[in-house]
file input-v1.txt (compact mmCIF, C-alpha atoms)
# COMPACT_ATOMS: atom_id res chain seq x y z
CA MET A 1 0.00 0.00 0.00
CA ASN A 2 1.44 3.26 -1.11
CA TYR A 3 -0.06 6.42 0.32
CA SER A 4 1.12 9.82 -0.79
CA ASP A 5 2.38 12.21 1.82
CA ASP A 6 -0.31 14.66 0.74
CA PHE A 7 -3.02 12.06 1.36
CA LEU A 8 -1.69 11.13 4.82
CA ARG A 9 -1.18 14.79 5.75
CA LYS A 10 -4.79 15.56 4.70
CA VAL A 11 -6.12 12.67 6.79
CA LEU A 12 -4.19 13.73 9.89
CA LYS A 13 -5.01 17.45 9.55
CA ARG A 14 -8.76 16.93 9.23
CA THR A 15 -8.97 14.41 12.10
CA LYS A 16 -10.11 15.72 15.48
CA THR A 17 -11.53 12.66 17.26
CA VAL A 18 -9.98 9.18 17.14
CA ALA A 19 -11.52 5.99 18.54
CA VAL A 20 -8.59 3.68 19.32
CA VAL A 21 -9.84 0.09 19.21
CA GLY A 22 -7.69 -2.35 21.14
CA VAL A 23 -5.92 0.24 23.28
CA SER A 24 -3.90 -1.10 26.20
CA LEU A 25 -3.48 0.44 29.64
CA ASN A 26 0.08 -0.91 29.71
CA PRO A 27 2.42 2.04 28.95
CA VAL A 28 4.95 -0.13 27.11
CA ARG A 29 2.41 -1.34 24.55
CA PRO A 30 2.32 0.48 21.20
CA SER A 31 -1.44 1.07 21.43
CA TYR A 32 -0.92 2.94 24.70
CA TYR A 33 1.84 5.24 23.55
CA VAL A 34 0.26 5.90 20.15
CA ALA A 35 -3.02 6.90 21.84
CA ARG A 36 -1.10 8.98 24.41
CA TYR A 37 0.88 10.73 21.68
CA LEU A 38 -2.27 11.55 19.72
CA SER A 39 -3.92 12.95 22.85
CA LEU A 40 -0.86 15.10 23.56
CA LYS A 41 -1.03 16.45 20.00
CA GLY A 42 -4.56 17.72 20.59
CA PHE A 43 -6.62 14.87 19.18
CA THR A 44 -9.58 13.75 21.25
CA VAL A 45 -8.85 10.08 21.90
CA ILE A 46 -11.64 7.68 22.81
CA PRO A 47 -10.10 4.43 24.09
CA VAL A 48 -11.96 1.20 23.25
CA ASN A 49 -11.18 -2.10 24.95
CA PRO A 50 -13.79 -4.38 26.57
CA GLY A 51 -11.22 -5.71 29.03
CA HIS A 52 -10.67 -2.25 30.51
CA ALA A 53 -14.15 -0.73 30.10
CA GLY A 54 -14.97 1.90 32.69
CA LYS A 55 -11.35 2.70 33.54
CA ARG A 56 -9.84 6.06 32.63
CA LEU A 57 -7.08 6.68 30.13
CA PHE A 58 -5.80 10.12 29.11
CA GLY A 59 -8.80 11.75 30.77
CA ALA A 60 -11.36 9.63 28.92
CA GLU A 61 -13.41 6.64 29.96
CA VAL A 62 -12.45 3.41 28.22
CA LYS A 63 -15.42 2.11 26.25
CA ALA A 64 -16.19 -1.58 25.83
CA ALA A 65 -17.26 -1.14 22.19
CA LEU A 66 -17.68 1.46 19.48
CA SER A 67 -21.41 1.32 20.15
CA GLU A 68 -20.84 2.99 23.55
CA ILE A 69 -19.40 6.13 21.97
CA ASP A 70 -21.86 9.00 21.83
CA ALA A 71 -19.51 11.50 20.17
CA LYS A 72 -18.70 12.25 16.55
CA VAL A 73 -15.72 10.13 15.45
CA ASP A 74 -13.50 11.16 12.54
CA MET A 75 -11.13 8.20 12.58
CA VAL A 76 -11.15 4.65 13.93
CA ASP A 77 -7.61 3.44 14.63
CA ILE A 78 -7.48 -0.37 14.84
CA PHE A 79 -4.99 -2.18 17.08
CA ARG A 80 -6.39 -5.67 16.52
CA ARG A 81 -5.39 -8.64 14.41
CA SER A 82 -6.33 -8.47 10.76
CA GLU A 83 -9.01 -11.15 11.10
CA ALA A 84 -10.80 -8.99 13.70
CA VAL A 85 -11.07 -5.99 11.35
CA PRO A 86 -14.32 -6.70 9.41
CA PRO A 87 -16.78 -6.45 12.34
CA ILE A 88 -14.98 -3.33 13.61
CA VAL A 89 -15.30 -1.68 10.20
CA ASP A 90 -18.96 -2.76 9.94
CA ASP A 91 -19.71 -1.23 13.35
CA ALA A 92 -17.83 1.97 12.54
CA LEU A 93 -19.66 2.44 9.23
CA GLU A 94 -23.02 1.84 10.90
CA LEU A 95 -22.43 3.98 13.99
CA PHE A 96 -20.55 6.99 12.66
CA PRO A 97 -22.21 8.51 9.59
CA ASP A 98 -19.54 11.24 9.37
CA LEU A 99 -16.59 8.86 9.70
CA LYS A 100 -13.74 9.95 7.47
CA THR A 101 -11.00 7.39 8.06
CA ILE A 102 -10.38 3.77 9.01
CA TRP A 103 -6.74 3.41 10.04
CA MET A 104 -5.19 -0.03 10.53
CA GLN A 105 -1.96 -0.17 12.48
CA ILE A 106 1.34 -1.65 11.36
CA GLY A 107 0.81 -5.32 10.53
CA VAL A 108 -2.97 -4.93 10.22
CA GLU A 109 -4.56 -5.28 6.79
CA HIS A 110 -7.91 -6.44 5.45
CA ALA A 111 -8.59 -5.74 1.77
CA ASP A 112 -12.30 -6.66 1.84
CA ALA A 113 -13.05 -4.46 4.86
CA ALA A 114 -11.03 -1.65 3.27
CA ALA A 115 -12.99 -1.94 0.02
CA LYS A 116 -16.27 -1.84 1.93
CA ALA A 117 -15.24 1.35 3.75
CA GLU A 118 -13.93 2.98 0.59
CA ALA A 119 -17.18 2.15 -1.21
CA ARG A 120 -18.93 4.21 1.49
CA GLY A 121 -16.57 7.15 0.89
CA VAL A 122 -14.34 6.49 3.90
CA ASP A 123 -10.58 6.76 3.42
CA VAL A 124 -8.56 3.74 4.53
CA VAL A 125 -4.95 3.48 5.64
CA MET A 126 -3.51 0.02 6.29
CA ASN A 127 -0.25 -1.18 7.79
CA ARG A 128 0.78 2.28 9.00
CA CYS A 129 0.98 4.11 12.32
CA PRO A 130 -0.56 7.58 12.71
CA LYS A 131 2.06 8.51 15.34
CA ILE A 132 4.94 7.68 13.00
CA GLU A 133 3.28 9.38 10.05
CA TYR A 134 2.43 12.49 12.09
CA GLN A 135 6.00 12.76 13.31
CA ARG A 136 7.42 12.17 9.84
CA LEU A 137 5.09 14.56 8.03
CA PHE A 138 5.16 17.38 10.55
CA GLY A 139 8.90 17.41 11.17
CA GLU A 140 9.20 15.72 14.55
CA LEU A 141 11.48 12.80 13.68
CA ARG A 142 14.59 14.83 12.88
CA MET A 143 15.79 14.62 16.51
CA GLY A 144 16.08 10.87 16.03
CA GLY A 145 18.31 11.26 13.00
CA PHE A 146 15.61 10.97 10.36
CA ASN A 147 15.58 13.27 7.36
CA THR A 148 11.96 14.31 7.10
CA GLY A 149 12.52 16.64 4.17
CA ILE A 150 10.88 19.44 6.16
CA ILE A 151 12.87 22.59 6.84
CA SER A 152 12.20 23.96 10.28
CA SER A 153 13.84 26.29 12.76
CA LYS A 154 12.54 24.18 15.69
CA LEU A 155 15.21 22.54 17.80

call {"tool": "encode", "arguments": {"input": "input-v1.txt", "output": "structure tokens"}}
result
Amino acid sequence: MNYSDDFLRKVLKRTKTVAVVGVSLNPVRPSYYVARYLSLKGFTVIPVNPGHAGKRLFGAEVKAALSEIDAKVDMVDIFRRSEAVPPIVDDALELFPDLKTIWMQIGVEHADAAAKAEARGVDVVMNRCPKIEYQRLFGELRMGGFNTGIISSKL
């Protein structure tokens, strides 16, 4: 899957609220630090994990399922195995009429679910991480020795 930088930048700029499905409360798990990073960058993060429902994470109550969310969601970020993706996408398409993006984390892909979302006008990103892409596209990886191609006076 090749996504242009312009496409990924557009997706990240327009996104305000992210439902993170499969988030962990363990701070060493990628789902935790990706959700934390997004919340620190100003995104509203709604954590979703039935095993931690009712607990608090980054100031928000962890929901057991997407169906418990009563807010507008722009993006659903999926931290689940690829075979678990179709029912998550089905729920997201049914529950969030203004949904703009389905994002599947690194290692997560499901072509049929992606096609279904795209047929409904929802953008899909597979096998990528929004934290990595945000850092790369908005010039935050240079401290780690990465050439982002972005000229900035920030140190």

call {"tool": "atom_distance", "arguments": {"input": "input-v1.txt", "atom1": "atom CA of A:Ser24", "atom2": "atom CA of A:Glu109"}}
result
19.9 Å

call {"tool": "residues_around", "arguments": {"input": "input-v1.txt", "residues": "A:Asp90", "least_positions_apart": "6", "cutoff": "9 Å", "atoms": "all atoms listed in the file", "output": "list in words"}}
result
Ala113, Lys116 and Ala117 of chain A

call {"tool": "atom_distance", "arguments": {"input": "input-v1.txt", "atom1": "atom CA of A:Asp91", "atom2": "atom CA of A:Val11"}}
result
20.5 Å

call {"tool": "residues_around", "arguments": {"input": "input-v1.txt", "residues": "A:Val45", "least_positions_apart": "6", "cutoff": "10 Å", "atoms": "only C-alpha atoms", "output": "PyMOL selection string"}}
result
chain A and resi 16-20+35-39+57-62+73+75-77

call {"tool": "residues_around", "arguments": {"input": "input-v1.txt", "residues": "A:Ala64", "least_positions_apart": "2", "cutoff": "12 Å", "atoms": "only C-alpha atoms", "output": "PyMOL selection string"}}
result
chain A and resi 19-23+46-55+61-62+66-69

call {"tool": "closest_residue", "arguments": {"input": "input-v1.txt", "among": "A:Asp123, A:Glu140, A:Thr44, A:Lys131", "to": "A:Lys10", "atoms": "all atoms listed in the file"}}
result
A:Asp123

call {"tool": "atom_distance", "arguments": {"input": "input-v1.txt", "atom1": "atom CA of A:Leu137", "atom2": "atom CA of A:Lys41"}}
result
13.6 Å

call {"tool": "residues_around", "arguments": {"input": "input-v1.txt", "residues": "A:Val125", "least_positions_apart": "3", "cutoff": "7 Å", "atoms": "only C-alpha atoms", "output": "JSON, numbers by chain"}}
result
{"A": [102, 103, 104, 128]}

call {"tool": "closest_residue", "arguments": {"input": "input-v1.txt", "among": "A:Leu12, A:Gly121, A:Tyr32, A:Pro27", "to": "A:Asp98", "atoms": "only C-alpha atoms"}}
result
A:Gly121

call {"tool": "closest_residue", "arguments": {"input": "input-v1.txt", "among": "A:Met1, A:Asn26, A:Glu94, A:Leu8", "to": "A:Val108", "atoms": "only C-alpha atoms"}}
result
A:Met1

call {"tool": "closest_residue", "arguments": {"input": "input-v1.txt", "among": "A:Leu95, A:Tyr3, A:Arg9, A:Ala65", "to": "A:Met126", "atoms": "all atoms listed in the file"}}
result
A:Tyr3

call {"tool": "closest_residue", "arguments": {"input": "input-v1.txt", "among": "A:Thr15, A:His110, A:Arg56, A:Phe96", "to": "A:Ser82", "atoms": "all atoms listed in the file"}}
result
A:His110

call {"tool": "residues_around", "arguments": {"input": "input-v1.txt", "residues": "A:Leu93", "least_positions_apart": "4", "cutoff": "9 Å", "atoms": "only C-alpha atoms", "output": "PDB file with C-alpha atoms, in the frame of the given file"}}
result
ATOM      1  CA  ILE A  88     -14.980  -3.330  13.610  1.00  0.00           C
ATOM      2  CA  VAL A  89     -15.300  -1.680  10.200  1.00  0.00           C
ATOM      3  CA  PRO A  97     -22.210   8.510   9.590  1.00  0.00           C
ATOM      4  CA  ASP A  98     -19.540  11.240   9.370  1.00  0.00           C
ATOM      5  CA  LEU A  99     -16.590   8.860   9.700  1.00  0.00           C
ATOM      6  CA  ALA A 117     -15.240   1.350   3.750  1.00  0.00           C
ATOM      7  CA  ARG A 120     -18.930   4.210   1.490  1.00  0.00           C
ATOM      8  CA  VAL A 122     -14.340   6.490   3.900  1.00  0.00           C
TER       9      VAL A 122
END

call {"tool": "closest_residue", "arguments": {"input": "input-v1.txt", "among": "A:Asn2, A:Lys13, A:Phe7, A:Gly107", "to": "A:Phe138", "atoms": "only C-alpha atoms"}}
result
A:Lys13
